[in-house]
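What follows is a single structure, written as structure tokens, with notes after it.
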Protein chains: 2
Amino acid sequence: MATDTAVPSSAPGYEEPEVDVRALTELLDGKYAEVRQLVRSNLADYASVLDEADELGIDDFRDRVRDIVVEMAATGQTGMGFPEEYGGGGDIGASVAAFETLALGDLSVLVKVGVQFGLFGGAILQLGTQRHHDAYLRDLVTGKLMGCFAMTETGHGSNVQALGTVATYDVATQEFVITTHGDAARKDYIGNAARHAEVAVVFAQLEVGGKSEGVHAFVVPIRKGTKVLDGVRIEDDGRKMGLNGVDNGRIWFDDVRVPREALLNRFADVSPAGVYESSIENPNKRFFTMLGTLVQGRVCVGGAGINASKVALAIATRYAVRRRQFEAASDTEEQLLLDYGMHQRRLLPLVARTYALHFAQDVVRTQLHDVFTEADGPGGGVEVARRELEGRAAGTKALGTWHATRTIQECREACGGAGYLSVNRFAALKADSDIFTTFEGDNHVLLQLVAKGLLTDYASEFEDMDQLGMVRFVTNLAVGTVIERTSAHKLLERVKDLLPGGDQWDQEAGLLDSDYQLAMLRFREEHMLSGVARRLKRGIDDKMNPGVVFSQVQDHVIGAANAHVERLVLEAFVDRMRDLPADTPEGNRVALGLLCDLFALSTIEADRAWFMEHGRLTVQRSKAISREVNDLCRKIRPIAVDLVDGWGVPDEMLRSSDLLA
Amino acid sequence: MATDTAVPSSAPGYEEPEVDVRALTELLDGKYAEVRQLVRSNLADYASVLDEADELGIDDFRDRVRDIVVEMAATGQTGMGFPEEYGGGGDIGASVAAFETLALGDLSVLVKVGVQFGLFGGAILQLGTQRHHDAYLRDLVTGKLMGCFAMTETGHGSNVQALGTVATYDVATQEFVITTHGDAARKDYIGNAARHAEVAVVFAQLEVGGKSEGVHAFVVPIRKGTKVLDGVRIEDDGRKMGLNGVDNGRIWFDDVRVPREALLNRFADVSPAGVYESSIENPNKRFFTMLGTLVQGRVCVGGAGINASKVALAIATRYAVRRRQFEAASDTEEQLLLDYGMHQRRLLPLVARTYALHFAQDVVRTQLHDVFTEADGPGGGVEVARRELEGRAAGTKALGTWHATRTIQECREACGGAGYLSVNRFAALKADSDIFTTFEGDNHVLLQLVAKGLLTDYASEFEDMDQLGMVRFVTNLAVGTVIERTSAHKLLERVKDLLPGGDQWDQEAGLLDSDYQLAMLRFREEHMLSGVARRLKRGIDDKMNPGVVFSQVQDHVIGAANAHVERLVLEAFVDRMRDLPADTPEGNRVALGLLCDLFALSTIEADRAWFMEHGRLTVQRSKAISREVNDLCRKIRPIAVDLVDGWGVPDEMLRSSDLLA
């Protein structure tokens, strides 16, 4: 990280850009400016919830959050994604944008909204058919009917295919019998379960005529008002690290009977006579198709992580231009924190990465909207687009939520002791957002999913296999394809085509040339991916146990997926830069360019060891990149506050009056 | 991180060590086994406090914590560091060991102990003279007299020299008048202030006869029972991210008068007639001498961070050998988390680093004990030993507490959703330990202090200058000395002497040769340090503003300090390995050797970009190190639980019954 030469504050001839904050916010808000403003205004109206989170007891706070969610629902904010005929807004992209913006406020409210409208409502909408839509959508859109999404079990989080709850079809009564077999199969961490949900969408192994048909979803009433129904047992998960406005709980089912129509039957059904039928023959494919319709949750959580980061950075950046500490440049006055090089290094690359992730989120939200708005509706759509969406959603979720954890921590530390007081935002931000890296899919598991998608890219018949299947699959043709596709000389050829430098592309291109930056990230991705494929193949060829092979390659697998997603993120930023509206003020153009360069180069810098190890970075060039990162930080320093203000975090959400006074 | 070849699980001929857990604990507990066992037993007796932290309201919990602290004091556990004639144990090392062990439990109890006996008691002991000892020590050792340490102000945390509170000597009444000038000068975040302290040690700018003599400490009564005294205003800091069993508050003084004898006058005094006198002439040196006597707080917090990490790792490691997820190696059974390569990578290098920091903590605790137990007492002692202690304390505190933040986060994520429930330990561990990186000195500021010590090593007359002074000083001779001392060829010469490899020392030495590992870290440290010195000098020679120069070099300064401390940590581990008691079981010897190698190589790996940039690591060797780290992880995997059990965390402190069932 350290650089070897003191460089001037800025290159000669460089002129500091003037940022038009309002225009910047408009650009970032994009086509969803209206719904974002609605959410900002709702957040300001309910700003007292930030205090109530500390002041109320846990049950009162849960009820208060429920009330806020219902009141917000009445403004139309939370129902954007549902069909208009059921009182929704009929705009999936808008619904994600609303959710992202809601993440600027209290995160219990956010997660309660996610549980009710995203998970519960989404399951009814995506896995159910008209009879379910007619029965539930209208009331759930208003929040009159509260529900929960009972998928995760104590024994099984990420591995949904291995759930232990069973739903047996009883042909005599034409009912399903839902049963929890043992404590490992109890539903756990289920939001809305401990207090408010009257209905649960329960995921269970369907058994028909003695045969297991895999995991399916059922609508199961669990509570009438405050009374838990017979056969259902609910236990409160109790206090959590954060999100204590959400009532998570455990549920056991003791032979609970629901009618045959309770099966959410969009992809499979059981006839009255007990015949199982599905339009998707391969059980793995069926399972992943069902799960795939729920991808919106991941898109939402990723966006929430990115937006929670904005709140932390807005506070820490504003604090850093007010707080002075130590006489450094002067005997008589202490120096502002943000004038310290280290402080710039701590905060500004995170600002740049937040911008990059924001634009990447725009891409995945648009893809989601397009795939789910197609004529044949979600679950149909073009196969390739659907798979691309799933990979991108998983990757953006992983990077966006890890970014939140890291950014909030850095910002807290950058605000010192004041950052530790609950009256400022960090305590809640940190505690509430911590679980983002786990829920809607553990980040490591998600990155494996991304890698699987990349490895099986050329063999769609294998796309739906499980993890063990994937490992075995690598003995197959497809790995050869991946290796061939990414062989070193081909890679170099393709990258060379992009850049004027010819054979010396990686030595001669300007560091600030975005083609160079992209080529570097592309090279890393494809090289890592082919390395993974080769290692998997070699292990299998050596007759090693596939699980052992996989275990040994796992960090490499996850590294390759991470490299892939970072490339997508940079691409999103670069594409956006190339496609800025004509009326973008010149200062904003320059400022965004600085951020894009800072993101690209600090990303390369962070992995410069890999680039050196793989011959793509000389020692001199590596050091030059570190110097350039420092220089970019110095250039961004004077406009840092404008850049965080551009995110439009409502002042009420910054709280922190003592930090920012 | 990713490696290119699948290596076998272990080298041929390698035999898995059998760990004797009890013997391991004895080794780690060392000479303080007895006091550590006392603390463990107290922790188990008061294990209910872990529940009470969630269950009680904030004021009840604060009172409960106070009660526990007083009851623990009665066992002798908290007074180890005070002279026996006042009811203490007369053993400073034991007092630190007790504090470290207490960090295995609830951290509000720990911090309350730190405030009362470390900060408040330590200030009376170290800055006061017999009259203060006689007046306060006996009652504070029992906890009958509760006090606080009023140093930090809202406007000034790390920069203690710039405090705004003023103490003016009134010769007419022979009193000091303590005054808070403006809200920035209010004391803030003061533990024990909001509720329990009857007395405060207040740091204020002393003014005598119109002349400012710099910061001094005064004993000021602030409360009688629950009644706040006239002229004193106290405000509750309210809820914090964590540590809510500690009553932090703000204090304003409105011309509060205390007698002349209230000045803690070990290093300076004011005569009745108003003449200021001190045995230390240079005001900077006087200030740093006073502050230097308080070094024990840093040693304690660093040790606490290291021990809090043990709790998190003990839970996550045990969970990882119980929890299965996904079929990987078998169709019928899911794989244990710790059998995944990535999971080993996430946890085991942290286990190794925790061991390394434990041994580094042994060294700094021993130094503290020795310096403060010398005949002429603390503050005297051999100058060089004192300065070495201060640097080492600052460095170990910074690395130990950052390690805690990182480790606790990684362990929470490695326990998934279950890790998020308050009933397990992570919620409290994470929230309570977060501030460790800030209090007792912000970690970045501490590392700058370490660097300053290294840069001024050869010019003791400048040792006590402030930051601006340091920057100016670098134009001076000493930088020349540092540069000369660490010039590249000299460095290589000295390192070559250590290793058999001659000119090729860094290419030919075995990766597992600890001389090689140490030489690498030494080379990095000295090279970075001379680089800092050269860059500072160049900037000054170019007539740049010293503050600007410093700001641009700051990340390099902090990097050099970090490199220095990591070298000290590895040295502590290697020294310990070379000096193991003769009766150490062979299995423990082997196991510790694996950990030492893993710490050394994962440390080099983490900074391998730097080593490549500076010609000390070829690409091949860099990759070989990554492979070796993976191999070490696989070797440690089967003994991982033994290694975390060796820390002797009481089962009651692990809680997490649902995680570990």
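In the structure tokens, each chain is lettered A, B, ... as it comes, each chain's residues begin at 1, and ligands are numbered from 1 in order of appearance.
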
Contacts of A:Gly191 within 9 Å, only C-alpha atoms, excl. fewer than 6 positions in-chain, as an MDAnalysis selection string: chainID A and resid 111:112 115:116 147:150 197 246:249

Chain B residues near chain A (7 Å cut-off, only C-alpha atoms) as a count of residues only: 45

Find the residues near A:Leu140: any atom within 10 Å, counting only C-alpha atoms, skip ones fewer than 6 places away on the same chain, and give them as a CSV table (one decimal) with N, CA, C and O atoms, in the first residue's frame.
```
chain,number,residue,atom,x,y,z
A,70,VAL,N,-47.3,-1.3,7.9
A,70,VAL,CA,-48.7,-1.2,7.3
A,70,VAL,C,-49.0,0.2,6.8
A,70,VAL,O,-49.6,0.4,5.8
A,73,ALA,N,-47.3,0.8,3.7
A,73,ALA,CA,-47.9,0.1,2.6
A,73,ALA,C,-49.1,0.9,2.0
A,73,ALA,O,-49.3,0.9,0.8
A,79,GLY,N,-45.8,-2.0,-2.3
A,79,GLY,CA,-46.5,-3.0,-3.1
A,79,GLY,C,-46.2,-2.8,-4.6
A,79,GLY,O,-46.9,-3.4,-5.4
A,86,TYR,N,-54.4,-6.4,-8.0
A,86,TYR,CA,-54.5,-6.8,-6.6
A,86,TYR,C,-54.0,-5.6,-5.7
A,86,TYR,O,-53.6,-5.8,-4.6
A,87,GLY,N,-54.0,-4.4,-6.3
A,87,GLY,CA,-53.6,-3.2,-5.5
A,87,GLY,C,-52.2,-2.9,-5.6
A,87,GLY,O,-51.7,-2.0,-4.8
A,116,GLN,N,-42.5,-9.6,4.6
A,116,GLN,CA,-44.0,-9.6,4.3
A,116,GLN,C,-44.2,-9.5,2.8
A,116,GLN,O,-45.0,-10.3,2.2
A,117,PHE,N,-43.5,-8.6,2.1
A,117,PHE,CA,-43.9,-8.4,0.7
A,117,PHE,C,-42.9,-9.1,-0.3
A,117,PHE,O,-43.3,-9.5,-1.3
A,120,PHE,N,-42.8,-13.6,1.7
A,120,PHE,CA,-44.1,-14.2,1.8
A,120,PHE,C,-44.9,-13.8,0.6
A,120,PHE,O,-45.4,-14.7,-0.2
A,121,GLY,N,-45.0,-12.5,0.3
A,121,GLY,CA,-45.8,-12.1,-0.9
A,121,GLY,C,-45.2,-12.6,-2.2
A,121,GLY,O,-45.9,-13.1,-3.1
A,124,ILE,N,-46.1,-16.3,-2.7
A,124,ILE,CA,-47.5,-16.5,-3.2
A,124,ILE,C,-47.6,-16.1,-4.7
A,124,ILE,O,-48.2,-16.8,-5.5
A,133,HIS,N,-53.4,-16.3,-5.7
A,133,HIS,CA,-53.4,-14.8,-5.9
A,133,HIS,C,-54.7,-14.2,-5.4
A,133,HIS,O,-54.7,-13.2,-4.6
A,146,MET,N,-50.8,-10.7,7.5
A,146,MET,CA,-49.3,-10.8,7.7
A,146,MET,C,-48.9,-12.3,7.5
A,146,MET,O,-49.6,-13.2,8.0
A,147,GLY,N,-47.8,-12.5,6.8
A,147,GLY,CA,-47.4,-13.9,6.6
A,147,GLY,C,-45.9,-14.1,6.8
A,147,GLY,O,-45.2,-13.1,7.0
```

Which neighbours of A:Ser309 fall inside 7 Å, counting only C-alpha atoms, when residues of the same chain fewer than 5 positions from it are skipped, and could you give them as a CSV table (one decimal) with all heavy atoms, in the first residue's frame?
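Dumped to selection_31.csv:
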```csv
chain,number,residue,atom,x,y,z
A,404,ALA,N,-21.0,-3.7,2.9
A,404,ALA,CA,-21.7,-3.0,4.0
A,404,ALA,C,-21.0,-3.3,5.4
A,404,ALA,O,-20.7,-2.4,6.1
A,404,ALA,CB,-23.1,-3.5,4.1
A,407,THR,N,-17.6,-1.5,5.4
A,407,THR,CA,-17.7,0.0,5.3
A,407,THR,C,-18.2,0.5,6.7
A,407,THR,O,-17.7,1.5,7.2
A,407,THR,CB,-18.6,0.4,4.2
A,407,THR,OG1,-18.1,-0.1,3.0
A,407,THR,CG2,-18.8,1.9,4.1
A,408,ILE,N,-19.3,-0.1,7.2
A,408,ILE,CA,-19.8,0.4,8.4
A,408,ILE,C,-18.8,0.3,9.6
A,408,ILE,O,-18.7,1.2,10.4
A,408,ILE,CB,-21.1,-0.4,8.8
A,408,ILE,CG1,-22.2,-0.1,7.7
A,408,ILE,CG2,-21.6,-0.1,10.2
A,408,ILE,CD1,-23.4,-1.0,7.7
```

Interatomic distance, atom CA of A:Thr75 to atom CA of A:Leu104 (Å, one decimal): 17.8 Å

Who sits within 9 Å of A:Ala561, only C-alpha atoms, same chain under 2 positions skipped, as an MDAnalysis selection string: chainID A and resid 395 447:452 454 525 528:529 556:559 563:566

Closest of A:Ala268, A:Val321, A:Leu598, A:Ala97 to A:Tyr355 - atom-to-atom distances counting only C-alpha atoms: A:Leu598

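The space between atom CA of B:Pro272 and atom CA of B:Val177 spans 14.4 Å.
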
Atom CA of B:Gly105 to atom CA of B:Ala572, distance in Å rounded to a single decimal: 26.1 Å

Selection near A:Arg578, 12 Å with only C-alpha atoms, sequence-local residues under 4 positions removed, as a PyMOL selection string: chain A and resi 514-515+571-574+582+584+589+592-593+596

Atoms to include: C-alpha atoms. Write the selected residues as a short mmCIF file (atom, residue, chain, number, x, y, z; two decimals), in the first residue's frame.
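Result saved to again07.cif:
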```
data_model
loop_
_atom_site.label_atom_id
_atom_site.label_comp_id
_atom_site.auth_asym_id
_atom_site.auth_seq_id
_atom_site.Cartn_x
_atom_site.Cartn_y
_atom_site.Cartn_z
CA SER A 514 -10.66 1.97 -18.63
CA ASP A 515 -9.99 -0.59 -21.37
CA GLU A 571 -18.05 -3.02 -16.33
CA ALA A 572 -21.27 -1.56 -14.99
CA PHE A 573 -19.43 1.57 -13.89
CA VAL A 574 -17.49 1.93 -17.15
CA ALA A 582 -25.80 14.39 -22.73
CA THR A 584 -24.64 15.62 -17.42
CA ARG A 589 -18.64 13.75 -15.42
CA LEU A 592 -17.57 10.16 -11.64
CA GLY A 593 -14.51 9.51 -13.77
CA CYS A 596 -14.44 4.98 -11.55
#
```

DSSP-assigned strand (DSSP E or B) among stretch 21-249 of chain A, expressed as a ChimeraX atom specification: /A:147-150,153,166-170,175-179,187-190,199-208,211-221,223-224,227-228,232-236,240,249

Stretch 202-411 of chain A: residues DSSP assigns to alpha helix (DSSP H), reported as number ranges by chain: A: 283-292, 296-320, 341-373, 383-411

Pick from A:Leu521, A:Val641, A:Leu654, A:Gly89, whichever lies nearest to A:Arg322 using only C-alpha atoms: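 When distances to A:Arg322 are compared using only C-alpha atoms, the smallest one comes from A:Val641.
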